[in-house]
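Before any comments, here is the structure.
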Amino acid sequence: MTFEIVFVLLLTVLALILFSMDRLRLDQVSLTIPVLLLLGGILTPREALSGLSNEATVAVAAMLVLGLGLRKTGLVAAIGRWAQTASLGSDNMRVFVLCVIVAVLSPFLNNTAVVMVFLPVFVALADRAGEPPSLYLMPLSFVAILGGTVSLIGTSTNLIVHGMAVERGYDDLSMFSIAPLGIIYLVVGFAYLFTIGRTQLPRRDRPPDLSRKYDMRRFLAELEVSIESPAKGRSLGELKWGERYAVSVLGIKRGSQDIPSPRAATKIEEGDILYVQGAADRLLVLARQQTLGTPADRTSVTSGFAAGAGRLVEVMIAPGSSLQGRTLRNHGFAQRYDATVLAIQQQGIVVHERLADVEFKVGDLLLVHGMGSALERLADEPGFIPMGEVEAPLQKRPRAAVSAGIMAVVVVAAGIGLFDIVTAALAGVTLMVFTGCIRIDEIYAELDWLVVFVMAGLLPLGLALDKTGAASLLASGILEVSGGWGVTGLTAVFYLVAVLLTSVISNAAAATLLSPIAIFAAIEAGINPYALLVSVMFGASASFITPFGYKTNIMIYQPGGYRFSDFAKVGGLLNLILLVTAIIFIPILWPS
């Protein structure tokens, strides 16, 4: 075993450990890998940077832009609004029909974006039916994942495996080559989720209101700004009382003037009477530290401000949010949105203290207080998902039909082989920009660059596995262990390994590591390489047994009140059924 092989294998193991620990950002670890390979003399500068120009990376970025264009023109939101009001029969039938719609959209749109749109729809449906969201949200996530297996552009995993195969001379997979197996997966998945799987879904009852859910024992106090108060002459945005004390200023009485729901720019003046809502102990701390007293002439706090000033809503941190990996302190949340975060829920734990220092992750829930206009702006922000019914402002560019037409042309052109996927997708991006469906600055600001940079960092690792002979060595080891199992045995092995890897690391990383090994194993075993490549493709997408293996699972974890064991129970059986499906149909569809 050469130094190069040992170096690459040790780096691969280290990357897997760091991915599974989740202590460092995924893109941070990924982008470090080609640098280490370059410093170790394994790759040349051109090879270390090849992930940035790889067809798979470009195709994924282009498809993300196309999906963003559909969102910015309001097409995806319009589908979501229609789903909330359409007459679709009984509650069970409505869930089934909506899952069918999700399954139809997921092969062509990023399934994370699809779940972002339909998550509030499914929560509202559960509320109207008087059922817990836990009975509705897991089918939403699982169907979105299954739908992404129908086409090569359905998930980044598919495009990664396809791109790595093309680089090694295996370019027979087209847009819908995997559709037969993907459709079988969908049918099997639906049959399970709406029969046996539905009986396994947990009933996690939600508290009847947000105050109880977040244990907000709230009080409303009248506090007068004294001459000694350090708050005098400063704006609410500068004071950041929401982040520091978990309180919300509902209104201000300034002489004969009433200021309901003051903005972040509103300045506090001496003599102001502040109507502040918060936990009793936090109000006491605020009054003491800011030198706020009790007004001599108290009014009824049940009038005006207490009843009508603002609303409480629950908001989720979505993939690509500007809050992801940051805190309220360095984000300036209150100043940006004129709204106050009163509590945070992370992995089922409610946080009331030191909110300004909490670092946010995808799937975190925020209890936010603000006026309707502020909440509408927040709902229109792509990085947040309002869990309640908040009307987002109408889009300024009503070009939904144009964006849908462009997407259809891309899919058809790539599907019939008129252009390859990269060419068709890049042409679609160009049309989106020049027809005004999306602006260049929106691409820079709102694209999920994490996926792009993770691929750019990981693809050189796949190249290093190939170049040094490490992939061939691992493939020989797998063949030696599996003996003469043939295509059925190897299909099962690669599918299972992909499932296990994608449960603890990203599916992109799992696909990148396994694809070159699968090709070498197929060559040495004398079987169809596409059989093992498709096994990796589908196995890496089968993120059902943990809540953290895929973004859509992360997004439903807290709104559904799920536990880790719920995914192992419901998703474990589904994975077993899909494994049997794979080892039956893959050798038939891709014979040796």
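Labels used: A, B, ... for chains in the order of the structure tokens, numbers from 1 for residues in each chain, and numbers from 1 for ligands as shown.
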- Query: Any idea what's packed within 10 Å of Pro591 of chain A, counting only C-alpha atoms, ignoring anything in its chain fewer than 5 positions away? Could you give it as a PyMOL selection string?
  - Reply: chain A and resi 487+527-531+585-586
Give one line per residue of segment 425-459 of chain A that approaches segment 155-167 of chain A to at most 9 Å, naming the two atoms of the closest pair and their distance in Å to one decimal, counting only C-alpha atoms; sort by chain then ascending residue number and deliver it as JSON lines.
{"residue": "A:Val451", "atom": "CA", "partner": "A:Ser156", "partner_atom": "CA", "distance": 8.0}
{"residue": "A:Met455", "atom": "CA", "partner": "A:Ile160", "partner_atom": "CA", "distance": 7.9}
{"residue": "A:Leu459", "atom": "CA", "partner": "A:Met164", "partner_atom": "CA", "distance": 8.2}
- Query: So which one's closest to Ser515 of chain A, A:Tyr170, A:Asp357, A:Ala404, A:Phe190? Using only C-alpha atoms, please.
  - Reply: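 Closest residue, counting only C-alpha atoms: A:Tyr170.
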- Would you return as a PyMOL selection string the members of segment 307-475 of chain A that DSSP assigns to alpha helix (DSSP H) on this structure's backbone? chain A and resi 307-308+328-331+333-337+372-380+400-415+421-434+440-446+449-468+470-475
- Message: Can you tell me which residues surround Tyr245 of chain A at a distance of at most 8 Å, considering only C-alpha atoms, apart from same-chain residues fewer than 5 positions away, and format the answer as an NGL selection string?
- Response: :A and (282-283 or 285-286 or 353-354)
